[in-house]
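Visitor: Supplied structure: my_file.txt, compact mmCIF, C-alpha atoms and all ligand atoms.
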# COMPACT_ATOMS: atom_id res chain seq x y z
CA MET A 1 301.48 -2.77 -22.14
CA SER A 2 300.83 0.65 -23.60
CA THR A 3 298.88 3.22 -21.65
CA PRO A 4 295.55 3.86 -23.37
CA THR A 5 294.43 7.25 -24.45
CA TYR A 6 290.78 8.23 -23.98
CA LEU A 7 288.08 9.64 -26.22
CA TRP A 8 287.30 12.17 -23.47
CA ASN A 9 288.77 12.97 -20.09
CA PRO A 10 288.20 10.16 -17.54
CA PRO A 11 286.28 10.97 -14.34
CA PRO A 12 288.26 12.69 -11.59
CA VAL A 13 289.52 11.00 -8.44
CA TYR A 14 286.89 11.97 -5.86
CA SER A 15 288.60 12.98 -2.64
CA LEU A 16 288.16 14.74 0.69
CA PRO A 17 290.54 16.84 2.80
CA VAL A 18 291.99 15.27 5.95
CA ARG A 19 292.45 17.27 9.14
CA GLY A 20 296.14 17.88 9.85
CA ARG A 21 297.45 16.41 6.62
CA PRO A 22 298.38 17.86 3.24
CA GLU A 23 297.13 14.80 1.32
CA HIS A 24 293.51 14.26 0.41
CA LEU A 25 291.79 10.94 1.04
CA ALA A 26 290.80 9.27 -2.23
CA VAL A 27 287.21 8.05 -1.95
CA ASN A 28 286.25 4.58 -3.18
CA ARG A 29 282.59 3.69 -2.52
CA LEU A 30 279.71 5.35 -0.63
CA PHE A 31 277.63 2.95 1.49
CA PHE A 32 274.56 4.07 3.44
CA VAL A 33 272.81 2.24 6.27
CA GLY A 34 269.00 2.46 6.32
CA ARG A 35 266.95 2.74 9.54
CA ASN A 36 269.68 2.62 12.17
CA TYR A 37 267.98 4.73 14.88
CA HIS A 38 264.72 3.40 16.33
CA ALA A 39 262.94 6.78 16.46
CA HIS A 40 263.75 7.47 12.80
CA ALA A 41 262.60 4.00 11.74
CA VAL A 42 259.31 4.70 13.52
CA GLU A 43 258.89 8.13 11.87
CA MET A 44 259.36 6.37 8.50
CA GLY A 45 256.63 3.89 9.48
CA LYS A 46 259.06 0.93 9.46
CA PRO A 47 260.11 0.02 13.02
CA VAL A 48 263.14 -2.24 13.41
CA ASP A 49 263.39 -5.42 15.49
CA LYS A 50 267.13 -6.01 15.88
CA ALA A 51 266.51 -9.54 17.20
CA SER A 52 265.07 -10.69 13.87
CA GLU A 53 266.58 -8.27 11.31
CA ARG A 54 269.95 -7.36 9.86
CA PRO A 55 270.99 -3.91 8.70
CA PHE A 56 270.29 -2.99 5.09
CA TYR A 57 272.22 -0.75 2.76
CA PHE A 58 272.07 1.33 -0.35
CA THR A 59 274.84 3.01 -2.29
CA LYS A 60 275.43 6.28 -4.08
CA ALA A 61 277.96 7.10 -6.76
CA PRO A 62 281.14 8.87 -5.55
CA SER A 63 280.28 11.58 -8.09
CA THR A 64 277.49 12.68 -5.70
CA LEU A 65 280.12 13.85 -3.15
CA VAL A 66 280.10 17.47 -2.04
CA LEU A 67 282.41 19.05 0.52
CA SER A 68 280.87 20.78 3.53
CA GLY A 69 280.41 24.49 2.98
CA ALA A 70 279.19 24.17 -0.60
CA THR A 71 276.08 25.64 -2.14
CA VAL A 72 274.11 22.99 -4.05
CA ALA A 73 271.19 23.56 -6.38
CA TYR A 74 267.77 22.42 -5.16
CA PRO A 75 267.50 19.21 -7.23
CA PRO A 76 265.05 18.52 -10.04
CA GLU A 77 261.94 16.31 -9.89
CA THR A 78 261.24 16.67 -6.17
CA GLN A 79 258.85 18.65 -3.97
CA ASN A 80 260.29 17.27 -0.72
CA TYR A 81 264.09 17.43 -0.44
CA HIS A 82 265.11 16.13 3.01
CA HIS A 83 268.14 16.40 5.27
CA GLU A 84 269.57 13.33 7.02
CA MET A 85 272.49 14.10 9.36
CA GLU A 86 274.80 11.10 9.85
CA LEU A 87 278.13 9.92 11.23
CA VAL A 88 280.43 8.77 8.41
CA VAL A 89 282.95 5.98 9.04
CA VAL A 90 286.05 6.03 6.82
CA ILE A 91 287.57 2.62 6.08
CA GLY A 92 291.38 2.56 6.07
CA ALA A 93 292.31 -1.09 5.58
CA PRO A 94 290.91 -3.86 3.36
CA GLY A 95 288.48 -6.24 5.02
CA PHE A 96 286.27 -9.17 4.08
CA ARG A 97 284.17 -11.08 6.63
CA VAL A 98 285.64 -8.94 9.41
CA ALA A 99 284.94 -10.15 12.94
CA GLU A 100 283.33 -7.58 15.24
CA ASN A 101 286.35 -7.80 17.52
CA ASP A 102 288.64 -6.87 14.61
CA ALA A 103 286.47 -4.07 13.19
CA ALA A 104 288.38 -1.21 14.83
CA ALA A 105 291.53 -2.09 12.90
CA HIS A 106 289.71 -1.21 9.65
CA ILE A 107 288.80 2.34 10.69
CA TYR A 108 290.84 5.27 9.41
CA GLY A 109 288.64 8.00 10.84
CA TYR A 110 285.29 9.74 10.80
CA ALA A 111 283.44 12.67 9.31
CA CYS A 112 280.09 14.43 9.53
CA GLY A 113 277.75 13.64 6.66
CA LEU A 114 274.44 14.66 5.13
CA ASP A 115 272.51 12.03 3.16
CA MET A 116 270.29 14.43 1.19
CA THR A 117 267.19 12.65 -0.09
CA ARG A 118 264.34 13.24 -2.53
CA ARG A 119 261.89 11.88 0.07
CA ASP A 120 258.87 11.92 -2.22
CA LEU A 121 260.63 9.77 -4.81
CA GLN A 122 262.22 7.47 -2.22
CA LEU A 123 258.87 6.71 -0.55
CA ALA A 124 257.06 6.25 -3.87
CA ALA A 125 259.76 3.77 -4.94
CA ARG A 126 259.73 2.01 -1.57
CA ASP A 127 255.97 1.59 -1.61
CA LYS A 128 256.04 0.16 -5.15
CA GLY A 129 258.94 -2.18 -4.41
CA ARG A 130 261.20 -0.27 -6.79
CA PRO A 131 264.86 0.71 -6.33
CA TRP A 132 265.63 3.85 -4.30
CA ASP A 133 268.12 5.34 -6.74
CA LEU A 134 266.04 8.30 -7.91
CA GLY A 135 265.33 9.22 -4.30
CA LYS A 136 268.82 8.67 -2.94
CA ASP A 137 271.48 8.71 -5.68
CA VAL A 138 270.90 12.42 -6.26
CA GLU A 139 273.59 14.63 -7.77
CA GLN A 140 275.43 16.62 -5.04
CA SER A 141 273.53 14.75 -2.30
CA SER A 142 276.41 13.14 -0.35
CA VAL A 143 277.77 16.00 1.74
CA VAL A 144 280.85 15.28 3.86
CA SER A 145 283.06 17.35 6.18
CA GLU A 146 286.82 17.06 6.34
CA ILE A 147 287.97 13.59 7.45
CA VAL A 148 289.19 13.36 11.05
CA PRO A 149 291.85 10.66 11.47
CA MET A 150 291.06 8.35 14.41
CA PRO A 151 292.68 5.09 13.42
CA GLY A 152 291.41 2.13 15.43
CA VAL A 153 288.82 4.17 17.35
CA LEU A 154 285.26 2.85 17.73
CA LEU A 155 282.99 5.82 18.45
CA ASP A 156 280.13 4.67 20.67
CA GLN A 157 278.73 7.94 22.04
CA GLY A 158 278.59 11.63 21.27
CA GLU A 159 275.88 14.15 20.43
CA LEU A 160 274.79 14.43 16.81
CA ALA A 161 272.64 17.46 16.01
CA MET A 162 271.72 19.76 13.15
CA SER A 163 269.64 22.84 12.46
CA VAL A 164 268.10 24.58 9.46
CA ASN A 165 268.41 28.37 9.46
CA GLY A 166 269.27 28.13 13.17
CA GLN A 167 266.14 26.12 14.06
CA PRO A 168 266.98 22.75 15.68
CA ARG A 169 265.76 19.77 13.59
CA GLN A 170 267.68 16.59 14.45
CA LYS A 171 269.31 15.78 17.79
CA SER A 172 270.42 12.41 19.07
CA ASP A 173 273.50 10.55 20.25
CA LEU A 174 275.73 7.94 18.66
CA ASN A 175 274.84 5.66 21.57
CA MET A 176 271.35 5.39 20.01
CA LEU A 177 272.58 3.56 16.89
CA ILE A 178 270.73 0.24 16.52
CA TRP A 179 273.77 -1.42 14.92
CA ASN A 180 277.01 0.07 16.24
CA ILE A 181 280.14 0.74 14.19
CA ALA A 182 281.76 -2.66 14.82
CA GLU A 183 278.52 -4.49 13.99
CA LEU A 184 278.12 -2.52 10.75
CA ILE A 185 281.68 -3.22 9.57
CA ALA A 186 281.27 -6.91 10.39
CA ASP A 187 277.93 -7.15 8.59
CA LEU A 188 278.73 -5.02 5.52
CA SER A 189 282.01 -6.89 5.00
CA LYS A 190 280.06 -10.12 4.60
CA PHE A 191 278.73 -8.68 1.32
CA TYR A 192 281.64 -6.55 0.10
CA HIS A 193 285.41 -6.61 0.19
CA LEU A 194 285.82 -3.33 2.04
CA GLN A 195 288.60 -1.12 0.70
CA PRO A 196 290.48 1.94 1.95
CA GLY A 197 288.45 4.99 1.01
CA ASP A 198 285.09 3.30 1.41
CA LEU A 199 282.74 5.57 3.37
CA ILE A 200 279.88 4.20 5.49
CA PHE A 201 277.08 6.68 6.29
CA THR A 202 275.74 5.09 9.46
CA GLY A 203 272.10 6.23 9.31
CA THR A 204 270.15 9.24 10.55
CA PRO A 205 268.19 9.84 13.74
CA GLU A 206 264.64 11.19 13.98
CA GLY A 207 263.71 14.70 12.94
CA VAL A 208 264.35 14.47 9.20
CA GLY A 209 262.58 17.19 7.26
CA ALA A 210 262.43 19.32 4.16
CA VAL A 211 264.73 22.13 3.07
CA LEU A 212 263.96 24.90 0.59
CA PRO A 213 266.04 27.08 -1.72
CA GLY A 214 267.92 29.63 0.38
CA ASP A 215 268.14 27.39 3.47
CA ARG A 216 271.32 26.84 5.41
CA ILE A 217 272.05 23.57 7.25
CA ASP A 218 274.49 23.44 10.18
CA GLY A 219 275.34 20.20 11.96
CA HIS A 220 277.87 18.80 14.39
CA ILE A 221 278.94 15.53 15.97
CA ALA A 222 280.72 15.75 19.30
CA GLY A 223 284.32 14.65 18.97
CA VAL A 224 284.20 14.70 15.16
CA GLY A 225 283.40 18.14 13.81
CA GLU A 226 280.93 20.29 11.97
CA ILE A 227 279.18 20.40 8.62
CA THR A 228 277.40 23.13 6.64
CA LEU A 229 275.35 23.13 3.46
CA HIS A 230 273.68 25.96 1.56
CA VAL A 231 270.68 25.07 -0.60
CA GLY A 232 270.64 27.17 -3.74
CA ALA A 233 267.92 27.94 -6.23
CA ALA A 234 266.17 25.15 -8.11
CA GLU A 235 267.75 24.28 -11.43
MN MN B 1 270.45 8.15 5.43
Could you spell out this file's structure in structure tokens?
Ligand code: MN

Guide:
Amino acid sequence: MSTPTYLWNPPPVYSLPVRGRPEHLAVNRLFFVGRNYHAHAVEMGKPVDKASERPFYFTKAPSTLVLSGATVAYPPETQNYHHEMELVVVIGAPGFRVAENDAAAHIYGYACGLDMTRRDLQLAARDKGRPWDLGKDVEQSSVVSEIVPMPGVLLDQGELAMSVNGQPRQKSDLNMLIWNIAELIADLSKFYHLQPGDLIFTGTPEGVGAVLPGDRIDGHIAGVGEITLHVGAAE
């Protein structure tokens, strides 16, 4: 079969650097868990009862990826651009209907992530029963640090914290996740055939808030690493 030629250049392979390796990790899909810390669910006005609920998810296009350290333009059509600091799980092996006990075998590593959100548009959509895409699938809104290889490791504790211009905003611990890493991989893989390069943003703790042009975000997760983002002028 002949190799096609294209009318214009195809999209790039979206990728992230990996600590200690020369190769980049090719990114497949970006999954995001909603409301996975009780105190954040409460601040959003939507408390979670784990006994009667399952996790829920949304996705963003891989083209929204930005590497930590970048300067991104303050996005259009929002007056309330929010930070959400999150642990990112990197899938390293295919999995469908993965048992919780087998979840660790599907982990390649972890990263720090920021799920930047047009909060005004997300809440307006939520309250009208509309999709969240305009609030969440924002260009340059999926910020990720270098990937840290930790094959087979289930992180179950460690401080997660971030600041804006040096002022503390979000601080919690991975042990506060409502659905832990194994539970998320088991549940998400009931819906999707997970693939190497899938990233799972595991949800944000309380303390989300707005950023403005000129702001600098710094975050860290104990045992994983650090993340930085500069918010540039509005486009
Ligand atoms: Mn989030």

Visitor: Taking only C-alpha atoms and all ligand atoms into account, which residues are within 9 Å of ligand MN 1 (chain B), as a ChimeraX atom specification?

Guide: /A:32-36,83-86,114-117,136,201-205

Visitor: Could you state the separation of atom CA of A:Val148 and atom CA of A:Leu30 in Å, given to one decimal place?

Guide: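 Rounded to one decimal, the two atoms are 17.0 Å apart.
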
Visitor: Counting only C-alpha atoms, which of A:Pro149, A:Gly69, A:Pro55, A:Pro76 gets nearest to A:Asn180?

Guide: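 Result for the nearest residue to A:Asn180: A:Pro55.
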
Visitor: Of the candidates A:Arg126, A:His82, A:Arg118, A:His38, which shows the shortest atom-to-atom distance to A:Val164, using only C-alpha atoms?

Guide: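 The closest residue to A:Val164 is A:His82.
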
Visitor: Rounded to one decimal, what separation in Å do you get between atom CA of A:Met176 and atom CA of A:Pro17?

Guide: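 Pair atom CA of A:Met176 / atom CA of A:Pro17 returns 28.2 Å.
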
Visitor: Quick one: residues within 7 Å of A:Leu67, all atoms listed in the file counted, chain neighbours fewer than 2 positions away excluded, as a list in words?

Guide: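 The contact residues come out as Leu65, Gly69, Ala70, Val143, Val144 and Ser145 of chain A.
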
Visitor: At a cut-off of 7 Å around the point (290.5, 10.0, 14.4) (file coordinates), what residues fall inside when counting only C-alpha atoms? I'd like the answer as JSON, numbers by chain.

Guide: {"A": [108, 109, 110, 148, 149, 150, 151, 153]}

Visitor: Pick the closest to A:Glu100 from A:Glu183, A:Asp137, A:Glu235, A:Asp156: which is it, counting all atoms listed in the file?

Guide: A:Glu183

Visitor: Would you list the residues near (280.6, 10.4, 21.9), meaning any protein, DNA or RNA residue with an atom at most 12 Å from that point in file coordinates, counting only C-alpha atoms, as a PyMOL selection string?

Guide: chain A and resi 87+153-160+172-177+220-225

Visitor: Considering only C-alpha atoms, can you say which of A:Asp127, A:Asp215, A:Asp133, A:Glu23 comes closest to A:Ile147?

Guide: A:Glu23

Visitor: Which distance in Å separates atom CA of A:Arg216 and atom CA of A:Arg119, to one decimal?

Guide: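 The value is 18.5 Å.
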
Visitor: Identify which of the residues A:Pro75, A:Gly95, A:Gly20, A:Gly152 lies closest to A:Leu188, counting all atoms listed in the file when measuring atom-to-atom distances.

Guide: A:Gly95
